file protein_22.txt (compact mmCIF, C-alpha atoms)
# COMPACT_ATOMS: atom_id res chain seq x y z
CA MET T 1 -2.64 61.20 -9.50
CA PRO T 2 -0.48 64.32 -9.99
CA HIS T 3 -2.37 67.52 -9.45
CA TRP T 4 -2.00 68.86 -13.01
CA LEU T 5 -3.46 65.64 -14.41
CA SER T 6 -6.45 65.62 -12.07
CA ASP T 7 -7.05 69.21 -13.14
CA ILE T 8 -7.59 67.96 -16.68
CA LEU T 9 -9.19 64.56 -16.21
CA THR T 10 -12.03 65.63 -13.96
CA HIS T 11 -14.98 63.28 -13.78
CA PRO T 12 -18.45 62.99 -12.21
CA ASN T 13 -18.32 62.19 -8.50
CA THR T 14 -20.22 58.92 -8.59
CA PRO T 15 -21.26 56.41 -11.26
CA ALA T 16 -24.84 57.42 -10.50
CA ASP T 17 -24.02 60.98 -11.58
CA ALA T 18 -22.53 59.65 -14.81
CA TRP T 19 -25.65 57.62 -15.56
CA ALA T 20 -27.80 60.67 -14.80
CA ILE T 21 -25.92 62.66 -17.45
CA ALA T 22 -26.39 59.90 -20.03
CA GLY T 23 -30.08 59.61 -19.16
CA LYS T 24 -30.78 63.34 -19.26
CA THR T 25 -28.91 63.68 -22.55
CA ALA T 26 -30.96 60.88 -24.10
CA VAL T 27 -34.23 62.45 -22.93
CA VAL T 28 -33.24 65.88 -24.31
CA TYR T 29 -32.23 64.38 -27.65
CA ILE T 30 -35.48 62.48 -28.04
CA CYS T 31 -37.62 65.46 -26.94
CA LEU T 32 -35.85 67.72 -29.41
CA VAL T 33 -36.27 65.26 -32.27
CA VAL T 34 -39.97 64.90 -31.50
CA GLY T 35 -40.37 68.67 -31.19
CA LEU T 36 -38.65 69.41 -34.49
CA ARG T 37 -40.59 66.63 -36.15
CA VAL T 38 -43.90 68.08 -34.95
CA LEU T 39 -42.93 71.55 -36.19
CA GLY T 40 -42.54 70.12 -39.67
CA LYS T 41 -39.83 69.65 -42.24
CA ARG T 42 -39.44 73.30 -43.01
CA GLU T 43 -37.50 74.14 -39.84
CA LEU T 44 -34.71 71.84 -40.98
CA GLY T 45 -34.05 73.71 -44.17
CA GLN T 46 -33.40 76.88 -42.17
CA MET T 47 -35.10 78.96 -44.79
CA ASN T 48 -35.39 82.20 -42.93
CA ILE T 49 -33.96 84.05 -40.01
CA TYR T 50 -36.70 82.84 -37.64
CA ASP T 51 -35.90 79.22 -38.30
CA LEU T 52 -32.20 79.86 -37.91
CA VAL T 53 -32.64 81.70 -34.61
CA LEU T 54 -34.90 78.92 -33.39
CA ILE T 55 -32.23 76.33 -34.06
CA ILE T 56 -29.46 78.32 -32.37
CA VAL T 57 -31.48 79.25 -29.31
CA LEU T 58 -32.96 75.77 -28.92
CA ALA T 59 -29.49 74.32 -28.66
CA ASN T 60 -28.58 76.68 -25.86
CA ALA T 61 -31.89 76.35 -24.08
CA VAL T 62 -31.36 72.66 -23.39
CA GLN T 63 -27.67 72.78 -22.54
CA ASN T 64 -27.96 72.80 -18.77
CA ALA T 65 -30.63 70.15 -18.93
CA MET T 66 -28.06 67.72 -20.35
CA VAL T 67 -24.97 68.07 -18.18
CA GLY T 68 -26.54 70.06 -15.35
CA ASN T 69 -23.85 71.72 -13.26
CA ASP T 70 -21.34 69.02 -14.02
CA ASN T 71 -18.29 70.75 -15.46
CA SER T 72 -16.04 67.74 -15.71
CA LEU T 73 -14.33 66.54 -18.86
CA VAL T 74 -15.55 62.98 -18.51
CA GLY T 75 -19.11 64.21 -17.89
CA GLY T 76 -19.10 66.06 -21.22
CA LEU T 77 -17.67 63.06 -23.02
CA ILE T 78 -20.40 60.84 -21.55
CA ALA T 79 -23.05 63.20 -22.91
CA ALA T 80 -21.37 63.30 -26.33
CA ALA T 81 -21.06 59.52 -26.46
CA THR T 82 -24.74 59.14 -25.53
CA LEU T 83 -25.76 61.39 -28.43
CA LEU T 84 -23.53 59.60 -30.92
CA ILE T 85 -24.76 56.17 -29.87
CA LEU T 86 -28.44 57.19 -30.00
CA ASN T 87 -27.98 58.69 -33.44
CA ARG T 88 -26.26 55.51 -34.58
CA ILE T 89 -29.20 53.45 -33.33
CA PHE T 90 -31.74 55.67 -35.11
CA THR T 91 -29.90 55.69 -38.43
CA TYR T 92 -29.38 51.95 -38.20
CA ALA T 93 -33.10 51.46 -37.64
CA MET T 94 -33.95 53.72 -40.58
CA ALA T 95 -31.51 51.97 -42.89
CA ARG T 96 -32.98 48.61 -41.92
CA SER T 97 -36.65 49.26 -42.53
CA GLN T 98 -38.39 51.52 -45.02
CA LYS T 99 -41.55 51.61 -42.96
CA LEU T 100 -39.65 52.74 -39.93
CA GLU T 101 -37.91 55.40 -42.00
CA LYS T 102 -41.24 56.78 -43.16
CA PHE T 103 -42.50 56.87 -39.61
CA MET T 104 -39.37 58.49 -38.24
CA VAL T 105 -38.62 61.17 -40.83
CA GLY T 106 -41.87 61.44 -42.78
CA GLU T 107 -42.25 61.44 -46.54
CA PRO T 108 -41.31 63.93 -49.25
CA VAL T 109 -44.28 66.05 -50.31
CA LEU T 110 -45.06 67.16 -53.85
CA ILE T 111 -45.74 70.92 -53.74
CA VAL T 112 -45.63 71.90 -57.41
CA ASN T 113 -47.04 69.72 -60.16
CA ASP T 114 -46.58 70.67 -63.82
CA GLY T 115 -46.13 74.35 -63.03
CA GLU T 116 -48.99 74.55 -60.57
CA ILE T 117 -48.57 75.22 -56.90
CA LEU T 118 -50.56 72.82 -54.73
CA GLN T 119 -51.85 75.39 -52.28
CA SER T 120 -53.30 73.14 -49.61
CA ARG T 121 -50.06 71.19 -49.26
CA CYS T 122 -47.96 74.34 -49.13
CA GLN T 123 -50.18 75.70 -46.41
CA ARG T 124 -49.92 72.55 -44.38
CA GLU T 125 -46.13 72.53 -44.64
CA GLY T 126 -45.77 76.27 -44.11
CA ILE T 127 -44.15 76.89 -47.49
CA THR T 128 -44.71 80.28 -49.14
CA ARG T 129 -44.82 81.00 -52.85
CA GLU T 130 -41.68 83.09 -52.45
CA GLN T 131 -39.77 80.11 -51.02
CA ILE T 132 -40.75 78.03 -54.02
CA MET T 133 -39.62 80.78 -56.38
CA THR T 134 -36.29 80.94 -54.51
CA ALA T 135 -35.79 77.22 -55.04
CA LEU T 136 -36.63 77.61 -58.74
CA ARG T 137 -34.10 80.41 -59.16
CA GLU T 138 -31.46 78.30 -57.44
CA HIS T 139 -32.00 75.82 -60.24
CA GLY T 140 -31.80 78.50 -62.90
CA ILE T 141 -35.53 78.59 -63.58
CA ASP T 142 -37.49 81.82 -63.39
CA LYS T 143 -40.98 80.72 -64.39
CA LEU T 144 -43.27 78.39 -62.54
CA GLU T 145 -44.36 76.77 -65.80
CA GLU T 146 -40.86 75.46 -66.36
CA ALA T 147 -41.00 73.38 -63.20
CA HIS T 148 -42.14 69.87 -63.87
CA MET T 149 -42.31 69.26 -60.16
CA CYS T 150 -41.08 70.63 -56.86
CA VAL T 151 -40.73 68.37 -53.87
CA LEU T 152 -40.35 69.34 -50.23
CA GLU T 153 -37.80 66.83 -49.03
CA VAL T 154 -37.69 65.41 -45.53
CA ASP T 155 -34.63 67.51 -44.75
CA GLY T 156 -36.60 70.70 -45.45
CA SER T 157 -34.99 71.53 -48.79
CA ILE T 158 -37.02 71.99 -51.98
CA SER T 159 -35.96 69.93 -55.01
CA VAL T 160 -36.85 71.16 -58.46
CA VAL T 161 -37.23 68.91 -61.49
CA PRO T 162 -37.49 71.04 -64.64
CA THR T 163 -39.77 70.15 -67.53
CA GLY T 164 -37.92 68.28 -70.21
CA SER T 165 -36.38 65.69 -67.92
CA ALA T 166 -37.89 62.30 -68.48
CA VAL T 167 -40.15 60.99 -65.74
CA HIS T 168 -41.70 57.61 -65.40
CA ARG T 169 -44.35 58.16 -62.83
CA SER T 170 -45.21 54.51 -62.60
CA LYS T 171 -42.00 53.79 -60.73
CA ARG T 172 -42.58 52.54 -57.26
CA HIS T 173 -40.51 55.31 -55.71
CA TYR T 174 -42.72 58.01 -57.07
CA LYS T 175 -45.99 56.55 -55.95
CA ALA T 176 -45.76 58.61 -52.82
CA LEU T 177 -45.36 61.74 -54.90
CA ARG T 178 -48.07 61.10 -57.41
CA LEU T 179 -51.12 63.29 -57.27
CA SER T 180 -54.03 61.19 -56.17
CA MET G 1 -12.66 86.94 -10.03
CA PRO G 2 -10.07 86.04 -12.68
CA PRO G 3 -9.22 82.41 -13.49
CA GLU G 4 -6.56 80.93 -11.23
CA GLY G 5 -3.32 81.21 -13.13
CA PRO G 6 -1.49 79.63 -16.07
CA ARG G 7 -1.87 76.03 -14.93
CA PHE G 8 -5.64 76.38 -14.97
CA LEU G 9 -5.54 77.85 -18.48
CA ALA G 10 -3.22 75.08 -19.67
CA ALA G 11 -5.73 72.56 -18.33
CA ILE G 12 -8.48 74.31 -20.31
CA ALA G 13 -6.40 74.01 -23.49
CA VAL G 14 -5.71 70.33 -22.92
CA ARG G 15 -9.35 69.58 -22.12
CA THR G 16 -10.38 71.36 -25.30
CA LEU G 17 -7.97 69.22 -27.32
CA ILE G 18 -9.24 66.01 -25.72
CA VAL G 19 -12.85 66.95 -26.48
CA LEU G 20 -11.95 67.84 -30.08
CA LEU G 21 -10.18 64.53 -30.57
CA ALA G 22 -13.01 62.55 -28.96
CA LEU G 23 -15.64 64.25 -31.16
CA VAL G 24 -13.65 63.74 -34.36
CA ILE G 25 -13.20 60.05 -33.57
CA GLY G 26 -16.84 59.68 -32.55
CA LEU G 27 -18.21 61.34 -35.69
CA ARG G 28 -15.78 59.40 -37.86
CA LEU G 29 -16.97 56.12 -36.35
CA LEU G 30 -20.56 57.10 -37.08
CA GLY G 31 -19.71 57.40 -40.77
CA LYS G 32 -19.74 60.27 -43.22
CA ARG G 33 -23.48 60.53 -43.46
CA GLN G 34 -23.81 62.60 -40.29
CA ALA G 35 -22.06 65.60 -41.76
CA GLY G 36 -24.78 65.92 -44.38
CA GLN G 37 -27.62 66.51 -41.89
CA TYR G 38 -30.21 64.42 -43.65
CA SER G 39 -32.86 64.34 -40.98
CA VAL G 40 -34.02 65.77 -37.68
CA TYR G 41 -31.97 63.09 -35.99
CA ASP G 42 -28.72 64.34 -37.48
CA LEU G 43 -29.60 67.99 -36.96
CA ALA G 44 -30.46 67.43 -33.30
CA LEU G 45 -27.25 65.43 -32.90
CA ILE G 46 -25.07 68.25 -34.20
CA MET G 47 -26.95 70.91 -32.20
CA LEU G 48 -26.71 69.02 -28.93
CA LEU G 49 -23.17 67.70 -29.34
CA ALA G 50 -21.74 71.20 -29.32
CA ASN G 51 -23.55 72.07 -26.13
CA ALA G 52 -23.00 68.75 -24.40
CA VAL G 53 -19.24 69.21 -24.42
CA GLN G 54 -19.15 72.93 -23.71
CA ASN G 55 -18.70 72.69 -19.96
CA ALA G 56 -16.23 69.86 -20.37
CA MET G 57 -13.96 72.19 -22.34
CA THR G 58 -14.29 75.34 -20.28
CA ASN G 59 -14.84 73.78 -16.86
CA GLY G 60 -18.12 75.68 -16.82
CA ASP G 61 -16.08 78.83 -16.44
CA GLY G 62 -17.59 81.78 -18.25
CA HIS G 63 -14.53 84.01 -17.99
CA LEU G 64 -13.47 85.75 -21.15
CA LEU G 65 -9.91 84.48 -20.83
CA VAL G 66 -11.11 80.88 -20.59
CA GLY G 67 -13.18 81.28 -23.74
CA VAL G 68 -10.25 82.88 -25.55
CA VAL G 69 -7.84 80.10 -24.56
CA SER G 70 -10.34 77.41 -25.51
CA SER G 71 -11.20 78.87 -28.91
CA ALA G 72 -7.57 79.70 -29.66
CA THR G 73 -6.74 76.05 -28.98
CA LEU G 74 -9.42 74.94 -31.44
CA LEU G 75 -8.27 77.38 -34.12
CA CYS G 76 -4.64 76.31 -33.73
CA ALA G 77 -5.62 72.65 -33.89
CA GLY G 78 -7.65 73.36 -37.04
CA TRP G 79 -4.67 75.10 -38.60
CA VAL G 80 -2.28 72.29 -37.71
CA ILE G 81 -4.68 69.67 -39.09
CA SER G 82 -5.24 71.44 -42.40
CA ARG G 83 -1.47 71.99 -42.76
CA ALA G 84 -0.92 68.29 -42.11
CA PHE G 85 -3.52 67.40 -44.75
CA ASP G 86 -1.78 69.65 -47.28
CA ARG G 87 1.63 68.19 -46.59
CA LEU G 88 0.62 64.54 -46.45
CA PRO G 89 -2.07 63.72 -49.01
CA GLY G 90 -2.12 60.12 -47.80
CA LEU G 91 -3.16 61.29 -44.35
CA SER G 92 -6.32 63.07 -45.40
CA HIS G 93 -7.68 60.05 -47.21
CA ARG G 94 -6.78 57.85 -44.29
CA VAL G 95 -8.40 60.18 -41.74
CA ALA G 96 -11.33 61.53 -43.76
CA GLY G 97 -12.05 58.33 -45.68
CA ASP G 98 -12.84 57.80 -49.36
CA PRO G 99 -15.97 58.71 -51.30
CA THR G 100 -18.30 55.74 -51.69
CA LEU G 101 -20.14 54.78 -54.85
CA LEU G 102 -23.80 54.34 -53.94
CA ALA G 103 -25.37 53.72 -57.33
CA SER G 104 -24.06 53.27 -60.81
CA ASP G 105 -25.88 53.07 -64.15
CA GLY G 106 -29.26 53.26 -62.51
CA GLN G 107 -28.59 50.47 -60.04
CA PHE G 108 -28.29 50.85 -56.29
CA ILE G 109 -25.26 49.17 -54.80
CA ARG G 110 -26.98 47.74 -51.79
CA SER G 111 -23.95 46.55 -49.87
CA HIS G 112 -22.49 50.06 -49.98
CA LEU G 113 -25.84 51.58 -48.97
CA ALA G 114 -26.10 49.29 -46.00
CA HIS G 115 -22.50 49.91 -45.01
CA GLU G 116 -22.90 53.70 -45.04
CA GLN G 117 -26.45 53.54 -43.67
CA VAL G 118 -27.81 55.59 -46.53
CA THR G 119 -31.39 54.81 -47.53
CA GLU G 120 -32.71 54.62 -51.09
CA GLU G 121 -35.06 57.46 -50.24
CA GLN G 122 -32.09 59.73 -49.49
CA ILE G 123 -30.52 58.99 -52.87
CA LEU G 124 -33.82 59.70 -54.61
CA ALA G 125 -34.03 63.01 -52.75
CA ALA G 126 -30.49 63.90 -53.84
CA MET G 127 -31.43 63.03 -57.43
CA ARG G 128 -34.45 65.31 -57.31
CA ALA G 129 -32.23 68.06 -55.93
CA HIS G 130 -30.22 67.72 -59.14
CA GLY G 131 -33.33 67.67 -61.29
CA VAL G 132 -32.97 63.98 -62.06
CA CYS G 133 -36.24 62.21 -61.71
CA ASP G 134 -35.71 58.64 -62.69
CA LEU G 135 -33.19 56.01 -61.74
CA SER G 136 -32.60 55.11 -65.36
CA GLU G 137 -31.13 58.58 -65.93
CA LEU G 138 -28.56 58.14 -63.22
CA ARG G 139 -24.98 57.38 -64.16
CA MET G 140 -23.67 57.44 -60.64
CA ALA G 141 -24.41 58.59 -57.13
CA VAL G 142 -21.49 59.10 -54.77
CA LEU G 143 -21.42 59.67 -51.02
CA GLU G 144 -18.71 62.29 -50.57
CA VAL G 145 -16.54 62.48 -47.48
CA ASP G 146 -18.41 65.57 -46.28
CA GLY G 147 -21.63 63.53 -46.17
CA SER G 148 -23.27 65.02 -49.26
CA ILE G 149 -24.50 62.84 -52.12
CA SER G 150 -23.31 63.87 -55.58
CA ILE G 151 -25.35 62.90 -58.60
CA VAL G 152 -23.98 62.44 -62.10
CA PRO G 153 -26.74 62.11 -64.70
CA LYS G 154 -26.41 59.91 -67.80
CA ASP G 155 -26.06 62.77 -70.24
CA ALA G 156 -23.16 64.39 -68.38
CA LYS G 157 -19.74 64.28 -70.00
CA HIS G 158 -17.53 62.39 -67.66
CA SER G 159 -14.43 60.43 -67.02
CA GLU G 160 -14.61 58.41 -63.87
CA THR G 161 -11.89 58.74 -61.31
CA LYS G 162 -9.77 55.67 -60.87
CA LYS G 163 -10.81 55.04 -57.32
CA LEU G 164 -14.51 54.95 -58.02
CA SER G 165 -14.20 52.64 -60.98
CA LYS G 166 -12.16 50.38 -58.73
CA GLN G 167 -15.07 50.30 -56.31
CA LYS G 168 -17.31 49.40 -59.19
CA LYS G 169 -15.21 46.44 -60.15
CA ARG G 170 -15.04 45.15 -56.63
CA ARG G 171 -18.79 44.90 -56.52
call {"tool": "encode", "arguments": {"input": "protein_22.txt", "output": "structure tokens"}}
result
Amino acid sequence: MPHWLSDILTHPNTPADAWAIAGKTAVVYICLVVGLRVLGKRELGQMNIYDLVLIIVLANAVQNAMVGNDNSLVGGLIAAATLLILNRIFTYAMARSQKLEKFMVGEPVLIVNDGEILQSRCQREGITREQIMTALREHGIDKLEEAHMCVLEVDGSISVVPTGSAVHRSKRHYKALRLS
Amino acid sequence: MPPEGPRFLAAIAVRTLIVLLALVIGLRLLGKRQAGQYSVYDLALIMLLANAVQNAMTNGDGHLLVGVVSSATLLCAGWVISRAFDRLPGLSHRVAGDPTLLASDGQFIRSHLAHEQVTEEQILAAMRAHGVCDLSELRMAVLEVDGSISIVPKDAKHSETKKLSKQKKRR
């Protein structure tokens, strides 16, 4: 191989090294997913500077754990491919089974019902009144009474349904959101 | 100690391009959904991907010059790609794909959902984000090429684009 080409197409020394990169990457990915999941949905929405910093620093904290001191091009591509394949498997599993989806990403949580904040749920999810008001303003609403319902979605964003939009609570999909 | 000469820097540039190309192809194969970051799984994917390939681009070399060459390569590639998309409209739809109709007139299109690996729950979440609460109020839901789900409610004035109504007929 010409020297200039081997400069570019560097690779891990042994197949065992390559497998180690794939394995470490998979472990880091799964640990991070579990960690973020335990922290709760809110982190995903990146609602304040603390959440944002967490996300940025987390990514850097685990970097060396994935590729170690392997600086080769092929090593990096192995790690990337591992991540893409794992993600594909997870999304495939979620698309296949609703139960699995619920288990893996959790369920949306109703946090405002007919203009009333459900305090206990907000506390559990770490949502402040101010964050709810921010979501309302984003939807052009400035009073709590005008919110028919607010839902903390699994991706950490807050959806607002204003009063005046028709709702049929009996629908299967809203069972999870109904106040029991 | 400075990096070892122009050939080394050229190698950095080429490695950066290879990584960029590999990531674009990989994400494209995964489908458009990933760009939307719908769950922890997608967020963790995006966070880790960037770091997983970092050393592969820069050879683990923290020198300023290496970083400058690598990022300049990325910026140039971005410029070239967006120029190419402007010049050749056919290219962007070939490379970025078409929007997909996920639901129309209150009905999920299950084959499209399965193909794009979007779950019903994600469409319902997108509807709530638009203040639409019930499926019967939904005129259409579309998975855009950037991975977001657009919602058009029944009472919206609209004229469907040709492409999407074509998708509807095919169903």
call {"tool": "residues_near_point", "arguments": {"input": "protein_22.txt", "point": "(-9.0, 68.4, -17.8)", "cutoff": "9 Å", "atoms": "only C-alpha atoms", "output": "list in words"}}
result
Trp4, Leu5, Ser6, Asp7, Ile8, Leu9, Thr10, His11, Ser72, Leu73 and Val74 of chain T; Ala11, Ile12, Ala13, Val14, Arg15, Thr16, Ile18, Ala56, Met57 and Asn59 of chain G
call {"tool": "closest_residue", "arguments": {"input": "protein_22.txt", "among": "G:Ser71, G:Ser111, G:Ser92, G:Ser82", "to": "chain T", "atoms": "all atoms listed in the file"}}
result
G:Ser111
call {"tool": "atom_distance", "arguments": {"input": "protein_22.txt", "atom1": "CA of Met66 in chain T", "atom2": "CA of Leu74 in chain G"}}
result
22.9 Å
call {"tool": "closest_residue", "arguments": {"input": "protein_22.txt", "among": "G:Leu101, G:Val69, G:Leu21, G:Val95", "to": "chain T", "atoms": "all atoms listed in the file"}}
result
G:Leu21
call {"tool": "atom_distance", "arguments": {"input": "protein_22.txt", "atom1": "CA of Pro2 in chain T", "atom2": "CA of Gly75 in chain T"}}
result
20.2 Å
call {"tool": "residues_around", "arguments": {"input": "protein_22.txt", "residues": "Gly106 in chain T", "least_positions_apart": "2", "cutoff": "10 Å", "atoms": "all atoms listed in the file", "output": "list in words"}}
result
Arg37, Gly40, Lys41, Lys99, Leu100, Glu101, Lys102, Phe103, Met104, Pro108, Val109, Glu153, Val154 and Asp155 of chain T; Ser39 of chain G
call {"tool": "interface_residues", "arguments": {"input": "protein_22.txt", "of": "chain T", "to": "chain G", "cutoff": "6 Å", "atoms": "all atoms listed in the file", "output": "list in words"}}
result
Ile8, Val33, Ala59, Gln63, Asn71, Ser72, Leu73, Gly76, Ala79, Ala80, Ala95, Asp155, Ser159, Val160, Val161 and Val167 of chain T
call {"tool": "closest_residue", "arguments": {"input": "protein_22.txt", "among": "T:Ala93, T:Ala135, T:Val27, T:Leu84", "to": "Val62 in chain T", "atoms": "all atoms listed in the file"}}
result
T:Val27
call {"tool": "atom_distance", "arguments": {"input": "protein_22.txt", "atom1": "CA of Thr25 in chain T", "atom2": "CA of Val67 in chain T"}}
result
7.3 Å
call {"tool": "closest_residue", "arguments": {"input": "protein_22.txt", "among": "T:Ile111, T:Ala26, T:Leu39, T:Ala20", "to": "Ile89 in chain T", "atoms": "all atoms listed in the file"}}
result
T:Ala26
call {"tool": "closest_residue", "arguments": {"input": "protein_22.txt", "among": "T:Val53, T:Thr163, T:Ile78, T:Met94", "to": "Ile141 in chain T", "atoms": "only C-alpha atoms"}}
result
T:Thr163
call {"tool": "closest_residue", "arguments": {"input": "protein_22.txt", "among": "G:Ala96, G:Leu9, G:Ala103, G:Val145", "to": "Ser70 in chain G", "atoms": "only C-alpha atoms"}}
result
G:Leu9
call {"tool": "residues_around", "arguments": {"input": "protein_22.txt", "residues": "Asp105 in chain G", "least_positions_apart": "3", "cutoff": "7 Å", "atoms": "all atoms listed in the file", "output": "list of chain:residue names"}}
result
G:Leu138, G:Arg139, G:Met140
call {"tool": "write_last_selection", "arguments": {"input": "protein_22.txt", "atoms": "C-alpha atoms", "output": "short mmCIF file (atom, residue, chain, number, x, y, z; two decimals), in the coordinates of the input"}}
result
data_model
loop_
_atom_site.label_atom_id
_atom_site.label_comp_id
_atom_site.auth_asym_id
_atom_site.auth_seq_id
_atom_site.Cartn_x
_atom_site.Cartn_y
_atom_site.Cartn_z
CA LEU G 138 -28.56 58.14 -63.22
CA ARG G 139 -24.98 57.38 -64.16
CA MET G 140 -23.67 57.44 -60.64
#
call {"tool": "build_atoms", "arguments": {"input": "protein_22.txt", "residues": "range 15-33 of chain G", "atoms": "N, CA and C atoms", "output": "JSON list (two decimals), in the coordinates of the input"}}
result
[["chain", "number", "residue", "atom", "x", "y", "z"],
["G", 15, "ARG", "N", -7.99, 70.13, -22.10],
["G", 15, "ARG", "CA", -9.35, 69.58, -22.12],
["G", 15, "ARG", "C", -10.01, 69.83, -23.46],
["G", 16, "THR", "N", -9.80, 71.04, -24.00],
["G", 16, "THR", "CA", -10.38, 71.36, -25.30],
["G", 16, "THR", "C", -9.87, 70.39, -26.36],
["G", 17, "LEU", "N", -8.55, 70.13, -26.33],
["G", 17, "LEU", "CA", -7.97, 69.22, -27.32],
["G", 17, "LEU", "C", -8.54, 67.81, -27.18],
["G", 18, "ILE", "N", -8.70, 67.36, -25.93],
["G", 18, "ILE", "CA", -9.24, 66.01, -25.72],
["G", 18, "ILE", "C", -10.66, 65.92, -26.27],
["G", 19, "VAL", "N", -11.47, 66.95, -25.99],
["G", 19, "VAL", "CA", -12.85, 66.95, -26.48],
["G", 19, "VAL", "C", -12.87, 66.94, -28.01],
["G", 20, "LEU", "N", -12.02, 67.78, -28.62],
["G", 20, "LEU", "CA", -11.95, 67.84, -30.08],
["G", 20, "LEU", "C", -11.63, 66.46, -30.65],
["G", 21, "LEU", "N", -10.61, 65.84, -30.09],
["G", 21, "LEU", "CA", -10.18, 64.53, -30.57],
["G", 21, "LEU", "C", -11.31, 63.50, -30.41],
["G", 22, "ALA", "N", -11.95, 63.52, -29.23],
["G", 22, "ALA", "CA", -13.01, 62.55, -28.96],
["G", 22, "ALA", "C", -14.16, 62.74, -29.95],
["G", 23, "LEU", "N", -14.53, 63.99, -30.24],
["G", 23, "LEU", "CA", -15.64, 64.25, -31.16],
["G", 23, "LEU", "C", -15.29, 63.82, -32.58],
["G", 24, "VAL", "N", -14.05, 64.13, -33.00],
["G", 24, "VAL", "CA", -13.65, 63.74, -34.36],
["G", 24, "VAL", "C", -13.72, 62.23, -34.50],
["G", 25, "ILE", "N", -13.18, 61.52, -33.51],
["G", 25, "ILE", "CA", -13.20, 60.05, -33.57],
["G", 25, "ILE", "C", -14.65, 59.54, -33.55],
["G", 26, "GLY", "N", -15.45, 60.13, -32.66],
["G", 26, "GLY", "CA", -16.84, 59.68, -32.55],
["G", 26, "GLY", "C", -17.61, 59.88, -33.85],
["G", 27, "LEU", "N", -17.49, 61.06, -34.45],
["G", 27, "LEU", "CA", -18.21, 61.34, -35.69],
["G", 27, "LEU", "C", -17.68, 60.48, -36.83],
["G", 28, "ARG", "N", -16.39, 60.23, -36.81],
["G", 28, "ARG", "CA", -15.78, 59.40, -37.86],
["G", 28, "ARG", "C", -16.30, 57.97, -37.76],
["G", 29, "LEU", "N", -16.45, 57.48, -36.53],
["G", 29, "LEU", "CA", -16.97, 56.12, -36.35],
["G", 29, "LEU", "C", -18.42, 56.02, -36.82],
["G", 30, "LEU", "N", -19.16, 57.11, -36.65],
["G", 30, "LEU", "CA", -20.56, 57.10, -37.08],
["G", 30, "LEU", "C", -20.67, 57.02, -38.59],
["G", 31, "GLY", "N", -19.65, 57.41, -39.32],
["G", 31, "GLY", "CA", -19.71, 57.40, -40.77],
["G", 31, "GLY", "C", -19.90, 58.78, -41.32],
["G", 32, "LYS", "N", -19.74, 58.93, -42.66],
["G", 32, "LYS", "CA", -19.74, 60.27, -43.22],
["G", 32, "LYS", "C", -21.12, 60.88, -43.30],
["G", 33, "ARG", "N", -22.13, 60.05, -43.24],
["G", 33, "ARG", "CA", -23.48, 60.53, -43.46],
["G", 33, "ARG", "C", -23.86, 61.68, -42.53]]
